[in-house]
file work.pdb (PDB, C-alpha atoms)
ATOM      1  CA  SER A   1     147.963 126.152 189.719
ATOM      2  CA  LYS A   2     147.971 124.254 192.996
ATOM      3  CA  ASN A   3     146.496 127.187 194.971
ATOM      4  CA  TYR A   4     143.638 127.601 192.465
ATOM      5  CA  ALA A   5     142.784 123.912 192.796
ATOM      6  CA  LYS A   6     142.734 124.180 196.612
ATOM      7  CA  THR A   7     140.386 127.176 196.416
ATOM      8  CA  PHE A   8     138.141 125.586 193.797
ATOM      9  CA  TYR A   9     137.743 122.322 195.724
ATOM     10  CA  LYS A  10     137.540 123.845 199.213
ATOM     11  CA  SER A  11     133.823 123.051 199.605
ATOM     12  CA  TYR A  12     134.456 119.462 198.433
ATOM     13  CA  PHE A  13     137.063 118.956 201.162
ATOM     14  CA  LEU A  14     134.619 120.359 203.719
ATOM     15  CA  LYS A  15     131.929 117.937 202.504
ATOM     16  CA  SER A  16     133.764 114.916 203.787
ATOM     17  CA  SER A  17     134.824 116.501 207.059
ATOM     18  CA  LYS A  18     132.811 117.135 210.203
ATOM     19  CA  SER A  19     133.101 120.906 209.899
ATOM     20  CA  LEU A  20     130.446 123.399 208.917
ATOM     21  CA  PRO A  21     129.360 123.705 205.289
ATOM     22  CA  PHE A  22     131.009 126.168 202.907
ATOM     23  CA  ILE A  23     129.107 129.445 203.318
ATOM     24  CA  ASP A  24     129.248 132.495 201.051
ATOM     25  CA  ALA A  25     127.011 135.552 201.275
ATOM     26  CA  LYS A  26     125.759 138.382 199.100
ATOM     27  CA  LEU A  27     124.523 141.796 200.139
ATOM     28  CA  ALA A  28     123.152 144.470 197.817
ATOM     29  CA  ILE A  29     123.277 148.067 198.965
ATOM     30  CA  SER A  30     122.404 151.404 197.412
ATOM     31  CA  ARG A  31     124.917 154.216 196.923
ATOM     32  CA  ASP A  32     123.834 155.670 200.249
ATOM     33  CA  TYR A  33     124.360 152.280 201.982
ATOM     34  CA  TYR A  34     120.737 151.200 202.367
ATOM     35  CA  THR A  35     119.660 147.627 201.600
ATOM     36  CA  ILE A  36     116.122 148.582 200.540
ATOM     37  CA  ASN A  37     114.965 151.410 198.312
ATOM     38  CA  LYS A  38     111.285 152.173 198.928
ATOM     39  CA  LYS A  39     110.983 154.318 195.769
ATOM     40  CA  LYS A  40     112.345 151.899 193.193
ATOM     41  CA  LYS A  41     112.131 148.139 192.756
ATOM     42  CA  TRP A  42     115.859 147.592 192.262
ATOM     43  CA  ILE A  43     118.891 149.000 194.027
ATOM     44  CA  THR A  44     121.194 147.067 191.666
ATOM     45  CA  ASN A  45     121.549 147.138 187.893
ATOM     46  CA  SER A  46     120.907 144.329 185.407
ATOM     47  CA  LYS A  47     124.588 143.285 185.312
ATOM     48  CA  SER A  48     124.736 142.743 189.065
ATOM     49  CA  ARG A  49     121.372 140.921 189.022
ATOM     50  CA  ASN A  50     122.686 138.583 186.299
ATOM     51  CA  LEU A  51     125.835 137.963 188.346
ATOM     52  CA  GLY A  52     123.645 137.259 191.392
ATOM     53  CA  ASN A  53     121.666 134.714 189.362
ATOM     54  CA  PHE A  54     124.899 133.087 188.186
ATOM     55  CA  LEU A  55     126.251 132.945 191.741
ATOM     56  CA  ARG A  56     123.111 131.123 192.908
ATOM     57  CA  SER A  57     123.765 128.408 190.336
ATOM     58  CA  GLN A  58     127.070 127.582 192.062
ATOM     59  CA  TYR A  59     125.488 126.481 195.376
ATOM     60  CA  ASP A  60     123.264 123.610 196.452
ATOM     61  CA  SER A  61     121.167 125.807 198.753
ATOM     62  CA  LEU A  62     120.285 129.421 199.328
ATOM     63  CA  LEU A  63     119.567 130.678 202.836
ATOM     64  CA  THR A  64     117.483 133.769 203.509
ATOM     65  CA  THR A  65     115.029 135.123 206.070
ATOM     66  CA  SER A  66     111.271 135.557 206.061
ATOM     67  CA  LYS A  67     111.891 139.299 206.440
ATOM     68  CA  THR A  68     113.790 139.353 203.140
ATOM     69  CA  VAL A  69     111.056 137.307 201.438
ATOM     70  CA  ASN A  70     108.261 139.456 202.897
ATOM     71  CA  ASP A  71     109.962 142.805 202.173
ATOM     72  CA  ASP A  72     111.279 142.082 198.656
ATOM     73  CA  ASN A  73     109.105 139.181 197.405
ATOM     74  CA  PRO A  74     112.065 137.812 195.407
ATOM     75  CA  LEU A  75     112.158 134.639 193.326
ATOM     76  CA  LEU A  76     115.644 133.698 194.588
ATOM     77  CA  ASP A  77     116.217 131.390 191.648
ATOM     78  CA  CYS A  78     118.609 131.183 188.725
ATOM     79  CA  ARG A  79     117.154 132.868 185.646
ATOM     80  CA  ILE A  80     120.118 132.498 183.280
ATOM     81  CA  GLU A  81     119.289 130.570 180.115
ATOM     82  CA  GLY A  82     120.621 127.042 180.434
ATOM     83  CA  LEU A  83     121.188 127.274 184.198
ATOM     84  CA  GLU A  84     117.574 127.294 185.378
ATOM     85  CA  LYS A  85     117.916 123.706 186.633
ATOM     86  CA  LYS A  86     120.811 124.852 188.815
ATOM     87  CA  THR A  87     118.441 126.829 191.051
ATOM     88  CA  PRO A  88     119.434 125.932 194.625
ATOM     89  CA  SER A  89     117.127 124.591 197.320
ATOM     90  CA  LEU A  90     115.728 127.383 199.472
ATOM     91  CA  ILE A  91     116.108 127.574 203.248
ATOM     92  CA  ILE A  92     114.213 130.281 205.102
ATOM     93  CA  LEU A  93     114.878 131.305 208.689
ATOM     94  CA  ASP A  94     111.496 132.310 210.096
ATOM     95  CA  ARG A  95     111.516 132.369 213.886
ATOM     96  CA  TYR A  96     107.811 133.263 214.260
ATOM     97  CA  LEU A  97     106.474 131.780 210.972
ATOM     98  CA  LYS A  98     105.638 135.226 209.613
ATOM     99  CA  ILE A  99     106.269 134.384 205.961
ATOM    100  CA  LYS A 100     103.559 135.581 203.598
ATOM    101  CA  THR A 101     101.779 132.654 201.981
ATOM    102  CA  ASN A 102     101.397 134.516 198.666
ATOM    103  CA  ALA A 103     105.176 134.948 198.191
ATOM    104  CA  LYS A 104     106.488 134.315 194.665
ATOM    105  CA  ILE A 105     108.882 131.640 195.917
ATOM    106  CA  PHE A 106     105.951 129.266 196.463
ATOM    107  CA  ASN A 107     104.992 129.396 192.774
ATOM    108  CA  LYS A 108     108.119 127.562 191.566
ATOM    109  CA  VAL A 109     107.584 123.840 191.178
ATOM    110  CA  ASN A 110     110.204 121.127 191.728
ATOM    111  CA  ARG A 111     112.206 123.136 194.223
ATOM    112  CA  LYS A 112     112.946 122.063 197.762
ATOM    113  CA  ILE A 113     111.978 124.700 200.291
ATOM    114  CA  TYR A 114     112.631 124.426 204.018
ATOM    115  CA  ILE A 115     111.374 126.802 206.675
ATOM    116  CA  LEU A 116     113.167 126.756 210.008
ATOM    117  CA  THR A 117     110.960 128.047 212.807
ATOM    118  CA  ARG A 118     110.292 127.723 216.514
ATOM    119  CA  VAL A 119     106.516 128.226 216.601
ATOM    120  CA  ASN A 120     103.468 126.085 215.936
ATOM    121  CA  ASN A 121     100.847 127.388 213.558
ATOM    122  CA  LYS A 122      99.014 124.354 212.205
ATOM    123  CA  LEU A 123      96.882 126.300 209.714
ATOM    124  CA  LYS A 124      99.876 128.008 208.103
ATOM    125  CA  GLU A 125     102.020 124.870 208.334
ATOM    126  CA  ASN A 126      99.346 122.816 206.551
ATOM    127  CA  PHE A 127      99.088 125.404 203.771
ATOM    128  CA  LEU A 128     102.879 125.507 203.348
ATOM    129  CA  LYS A 129     103.021 121.711 203.229
ATOM    130  CA  THR A 130     100.541 121.760 200.313
ATOM    131  CA  LYS A 131     103.149 123.897 198.506
ATOM    132  CA  GLY A 132     105.788 121.224 199.185
ATOM    133  CA  VAL A 133     107.511 123.152 201.975
ATOM    134  CA  LYS A 134     109.232 121.171 204.701
ATOM    135  CA  ILE A 135     108.931 122.713 208.166
ATOM    136  CA  ILE A 136     111.794 122.161 210.599
ATOM    137  CA  LYS A 137     111.178 123.089 214.226
ATOM    138  CA  LEU A 138     114.200 124.401 216.094
ATOM    139  CA  ASN A 139     114.721 125.422 219.671
ATOM    140  CA  TYR A 140     117.839 127.425 218.717
ATOM    141  CA  PHE A 141     115.648 130.511 218.287
ATOM    142  CA  GLU A 142     114.642 130.650 221.953
ATOM    143  CA  HIS A 143     116.907 133.534 222.867
ATOM    144  CA  LYS A 144     117.651 136.786 221.091
ATOM    145  CA  ASP A 145     120.827 135.355 219.582
ATOM    146  CA  ILE A 146     120.386 132.606 217.032
ATOM    147  CA  ASN A 147     122.792 129.676 217.250
ATOM    148  CA  LEU A 148     123.808 129.798 213.594
ATOM    149  CA  SER A 149     126.472 127.103 213.873
ATOM    150  CA  LYS A 150     123.881 124.551 215.031
ATOM    151  CA  ILE A 151     121.578 125.583 212.197
ATOM    152  CA  PHE A 152     124.344 125.100 209.632
ATOM    153  CA  ILE A 153     125.181 121.685 211.101
ATOM    154  CA  ILE A 154     121.526 120.674 210.597
ATOM    155  CA  LEU A 155     121.666 121.924 207.017
ATOM    156  CA  LYS A 156     124.823 119.924 206.399
ATOM    157  CA  LYS A 157     123.103 116.809 207.763
ATOM    158  CA  LEU A 158     120.347 117.454 205.197
ATOM    159  CA  GLY A 159     123.075 117.234 202.532
ATOM    160  CA  TYR A 160     123.768 120.914 201.920
ATOM    161  CA  ASN A 161     127.486 121.600 201.689
ATOM    162  CA  ARG A 162     127.601 124.823 199.655
ATOM    163  CA  ILE A 163     125.286 127.477 201.068
ATOM    164  CA  PHE A 164     124.737 130.918 199.555
ATOM    165  CA  VAL A 165     123.211 133.465 201.927
ATOM    166  CA  GLU A 166     121.120 136.341 200.584
ATOM    167  CA  CYS A 167     119.746 138.380 203.427
ATOM    168  CA  GLY A 168     119.678 141.776 205.021
ATOM    169  CA  SER A 169     122.352 143.399 207.116
ATOM    170  CA  THR A 170     121.077 142.025 210.456
ATOM    171  CA  LEU A 171     121.659 138.343 209.698
ATOM    172  CA  LEU A 172     124.760 139.097 207.651
ATOM    173  CA  SER A 173     126.363 140.935 210.566
ATOM    174  CA  LEU A 174     125.745 137.887 212.795
ATOM    175  CA  LEU A 175     127.303 135.578 210.200
ATOM    176  CA  VAL A 176     130.354 137.798 209.842
ATOM    177  CA  ARG A 177     130.716 138.249 213.606
ATOM    178  CA  GLU A 178     130.696 134.462 214.061
ATOM    179  CA  LYS A 179     133.213 134.101 211.182
ATOM    180  CA  LEU A 180     130.939 131.746 209.256
ATOM    181  CA  VAL A 181     131.189 133.442 205.844
ATOM    182  CA  LYS A 182     134.067 132.417 203.567
ATOM    183  CA  ASN A 183     133.387 134.930 200.757
ATOM    184  CA  LEU A 184     131.223 138.042 200.812
ATOM    185  CA  TYR A 185     129.886 139.504 197.572
ATOM    186  CA  LEU A 186     128.931 143.157 198.037
ATOM    187  CA  PHE A 187     126.824 144.709 195.290
ATOM    188  CA  LYS A 188     126.647 148.509 195.375
TER     189      LYS A 188
END
call {"tool": "encode", "arguments": {"input": "work.pdb", "output": "structure tokens"}}
result
Amino acid sequence: SKNYAKTFYKSYFLKSSKSLPFIDAKLAISRDYYTINKKKKWITNSKSRNLGNFLRSQYDSLLTTSKTVNDDNPLLDCRIEGLEKKTPSLIILDRYLKIKTNAKIFNKVNRKIYILTRVNNKLKENFLKTKGVKIIKLNYFEHKDINLSKIFIILKKLGYNRIFVECGSTLLSLLVREKLVKNLYLFK
């Protein structure tokens, strides 16, 4: 139908315009509404994890935070047979460059990884560059509130038009408050 086609190609229409990229987000919560379960590794089941992997394959980049990477040590890739090459580029918001250098995400080869930060730490930056990570310095982190729109404009200039956000509730609430998220996938 005509409406289905408009929905399906929405991110394509945004690509050629001067607007922000198409942004969707995912949040996983436990039955008691927590985003992290200290006792168990997973708060979601295998079906929702497979769906999460499939969703990642539909985007050209995945945005997360260093807090999510440090707390969960996720791979943030697509592990569905036949779709592994559809793993999106990874963009990490890391205001103070606190990301752990032994994170699993740095073990995947042939994947673009960007870290957006506001600090200088030459030793850590040099190590990350040996892992193929591109560091982007931003002054949009200077105040408590992050200017997310400016960050997404930068990401669009890098060629990212379909962004999938996997983060905790803090960043997600900012994205929702600023009306940047088109679709929210809630896994409970």
call {"tool": "closest_residue", "arguments": {"input": "work.pdb", "among": "A:Ile91, A:Cys167, A:Leu20, A:Leu148", "to": "A:Asp71", "atoms": "all atoms listed in the file"}}
result
A:Cys167
call {"tool": "resolve_selection", "arguments": {"input": "work.pdb", "expression": "the PyMOL selection byres ((chain A and resi 72-87) around 12)", "output": "NGL selection string"}}
result
:A and (35-38 or 40-43 or 47 or 49-71 or 88-92 or 99-113 or 164-168)
call {"tool": "atom_distance", "arguments": {"input": "work.pdb", "atom1": "atom CA of A:Lys188", "atom2": "atom CA of A:Ser173"}}
result
17.0 Å
call {"tool": "atom_distance", "arguments": {"input": "work.pdb", "atom1": "atom CA of A:Val133", "atom2": "atom CA of A:Thr117"}}
result
12.4 Å
call {"tool": "closest_residue", "arguments": {"input": "work.pdb", "among": "A:Ile146, A:Leu186, A:Leu93, A:Ile135", "to": "A:Lys122", "atoms": "all atoms listed in the file"}}
result
A:Ile135
call {"tool": "residues_around", "arguments": {"input": "work.pdb", "residues": "A:Tyr185", "least_positions_apart": "2", "cutoff": "9 Å", "atoms": "only C-alpha atoms", "output": "CSV table (one decimal) with C-alpha atoms, in the frame of the given file"}}
result
chain,number,residue,atom,x,y,z
A,24,ASP,CA,129.2,132.5,201.1
A,25,ALA,CA,127.0,135.6,201.3
A,26,LYS,CA,125.8,138.4,199.1
A,27,LEU,CA,124.5,141.8,200.1
A,28,ALA,CA,123.2,144.5,197.8
A,183,ASN,CA,133.4,134.9,200.8
A,187,PHE,CA,126.8,144.7,195.3
call {"tool": "closest_residue", "arguments": {"input": "work.pdb", "among": "A:Lys182, A:Arg95, A:Lys150, A:Arg177", "to": "A:Arg162", "atoms": "only C-alpha atoms"}}
result
A:Lys182
call {"tool": "build_atoms", "arguments": {"input": "work.pdb", "residues": "stretch 105-116 of chain A", "atoms": "all heavy atoms", "output": "mmCIF file, keeping the file's coordinate frame"}}
result
data_model
loop_
_atom_site.group_PDB
_atom_site.id
_atom_site.type_symbol
_atom_site.label_atom_id
_atom_site.label_comp_id
_atom_site.auth_asym_id
_atom_site.auth_seq_id
_atom_site.Cartn_x
_atom_site.Cartn_y
_atom_site.Cartn_z
ATOM 1 N N ILE A 105 108.050 132.844 195.801
ATOM 2 C CA ILE A 105 108.882 131.640 195.917
ATOM 3 C C ILE A 105 108.052 130.358 195.952
ATOM 4 O O ILE A 105 108.542 129.304 195.587
ATOM 5 C CB ILE A 105 109.800 131.690 197.154
ATOM 6 C CG1 ILE A 105 108.970 131.903 198.403
ATOM 7 C CG2 ILE A 105 110.890 132.723 196.980
ATOM 8 C CD1 ILE A 105 109.714 131.668 199.688
ATOM 9 N N PHE A 106 106.801 130.455 196.371
ATOM 10 C CA PHE A 106 105.951 129.266 196.463
ATOM 11 C C PHE A 106 105.329 128.878 195.122
ATOM 12 O O PHE A 106 104.654 127.864 195.029
ATOM 13 C CB PHE A 106 104.858 129.464 197.516
ATOM 14 C CG PHE A 106 105.404 129.705 198.894
ATOM 15 C CD1 PHE A 106 105.025 130.816 199.621
ATOM 16 C CD2 PHE A 106 106.324 128.834 199.461
ATOM 17 C CE1 PHE A 106 105.529 131.042 200.892
ATOM 18 C CE2 PHE A 106 106.842 129.052 200.729
ATOM 19 C CZ PHE A 106 106.439 130.158 201.434
ATOM 20 N N ASN A 107 105.544 129.694 194.093
ATOM 21 C CA ASN A 107 104.992 129.396 192.774
ATOM 22 C C ASN A 107 105.903 128.503 191.942
ATOM 23 O O ASN A 107 105.482 127.965 190.932
ATOM 24 C CB ASN A 107 104.711 130.693 192.000
ATOM 25 C CG ASN A 107 103.660 131.532 192.696
ATOM 26 O OD1 ASN A 107 102.824 131.019 193.425
ATOM 27 N ND2 ASN A 107 103.718 132.839 192.487
ATOM 28 N N LYS A 108 107.161 128.373 192.332
ATOM 29 C CA LYS A 108 108.119 127.562 191.566
ATOM 30 C C LYS A 108 107.941 126.095 191.938
ATOM 31 O O LYS A 108 107.981 125.734 193.101
ATOM 32 C CB LYS A 108 109.544 128.019 191.849
ATOM 33 C CG LYS A 108 110.563 127.350 190.958
ATOM 34 C CD LYS A 108 111.841 128.140 190.939
ATOM 35 C CE LYS A 108 112.867 127.512 190.044
ATOM 36 N NZ LYS A 108 112.682 127.786 188.644
ATOM 37 N N VAL A 109 107.751 125.278 190.930
ATOM 38 C CA VAL A 109 107.584 123.840 191.178
ATOM 39 C C VAL A 109 108.940 123.142 191.139
ATOM 40 O O VAL A 109 109.908 123.667 190.601
ATOM 41 C CB VAL A 109 106.626 123.204 190.142
ATOM 42 C CG1 VAL A 109 105.214 123.720 190.327
ATOM 43 C CG2 VAL A 109 107.106 123.442 188.727
ATOM 44 N N ASN A 110 108.993 121.947 191.714
ATOM 45 C CA ASN A 110 110.204 121.127 191.728
ATOM 46 C C ASN A 110 111.385 121.819 192.394
ATOM 47 O O ASN A 110 112.510 121.740 191.911
ATOM 48 C CB ASN A 110 110.582 120.684 190.313
ATOM 49 C CG ASN A 110 109.526 119.823 189.686
ATOM 50 O OD1 ASN A 110 108.868 119.049 190.372
ATOM 51 N ND2 ASN A 110 109.335 119.958 188.394
ATOM 52 N N ARG A 111 111.137 122.496 193.461
ATOM 53 C CA ARG A 111 112.206 123.136 194.223
ATOM 54 C C ARG A 111 112.001 122.807 195.694
ATOM 55 O O ARG A 111 110.908 122.973 196.223
ATOM 56 C CB ARG A 111 112.169 124.648 194.037
ATOM 57 C CG ARG A 111 113.276 125.352 194.782
ATOM 58 C CD ARG A 111 113.182 126.839 194.615
ATOM 59 N NE ARG A 111 114.425 127.481 195.011
ATOM 60 C CZ ARG A 111 114.597 128.775 195.047
ATOM 61 N NH1 ARG A 111 113.620 129.578 194.680
ATOM 62 N NH2 ARG A 111 115.740 129.288 195.419
ATOM 63 N N LYS A 112 113.047 122.337 196.334
ATOM 64 C CA LYS A 112 112.946 122.063 197.762
ATOM 65 C C LYS A 112 112.993 123.375 198.526
ATOM 66 O O LYS A 112 113.866 124.202 198.302
ATOM 67 C CB LYS A 112 114.091 121.161 198.223
ATOM 68 C CG LYS A 112 113.974 119.739 197.746
ATOM 69 C CD LYS A 112 115.099 118.906 198.318
ATOM 70 C CE LYS A 112 115.000 117.482 197.804
ATOM 71 N NZ LYS A 112 116.120 116.659 198.261
ATOM 72 N N ILE A 113 112.025 123.526 199.428
ATOM 73 C CA ILE A 113 111.978 124.700 200.291
ATOM 74 C C ILE A 113 111.832 124.212 201.728
ATOM 75 O O ILE A 113 110.967 123.387 202.025
ATOM 76 C CB ILE A 113 110.802 125.640 199.943
ATOM 77 C CG1 ILE A 113 110.930 126.158 198.509
ATOM 78 C CG2 ILE A 113 110.743 126.808 200.929
ATOM 79 C CD1 ILE A 113 109.766 127.022 198.049
ATOM 80 N N TYR A 114 112.685 124.721 202.589
ATOM 81 C CA TYR A 114 112.631 124.426 204.018
ATOM 82 C C TYR A 114 112.387 125.730 204.756
ATOM 83 O O TYR A 114 112.966 126.763 204.420
ATOM 84 C CB TYR A 114 113.963 123.851 204.521
ATOM 85 C CG TYR A 114 114.367 122.554 203.885
ATOM 86 C CD1 TYR A 114 115.091 122.528 202.697
ATOM 87 C CD2 TYR A 114 114.031 121.335 204.482
ATOM 88 C CE1 TYR A 114 115.475 121.339 202.117
ATOM 89 C CE2 TYR A 114 114.422 120.138 203.895
ATOM 90 C CZ TYR A 114 115.137 120.147 202.716
ATOM 91 O OH TYR A 114 115.517 118.958 202.140
ATOM 92 N N ILE A 115 111.548 125.662 205.775
ATOM 93 C CA ILE A 115 111.374 126.802 206.675
ATOM 94 C C ILE A 115 111.770 126.334 208.065
ATOM 95 O O ILE A 115 111.246 125.343 208.567
ATOM 96 C CB ILE A 115 109.930 127.344 206.660
ATOM 97 C CG1 ILE A 115 109.612 127.943 205.278
ATOM 98 C CG2 ILE A 115 109.745 128.386 207.760
ATOM 99 C CD1 ILE A 115 108.228 128.523 205.140
ATOM 100 N N LEU A 116 112.707 127.050 208.662
ATOM 101 C CA LEU A 116 113.167 126.756 210.008
ATOM 102 C C LEU A 116 112.497 127.744 210.954
ATOM 103 O O LEU A 116 112.619 128.959 210.782
ATOM 104 C CB LEU A 116 114.692 126.890 210.101
ATOM 105 C CG LEU A 116 115.503 125.728 209.510
ATOM 106 C CD1 LEU A 116 115.272 125.553 208.030
ATOM 107 C CD2 LEU A 116 116.964 125.903 209.797
#
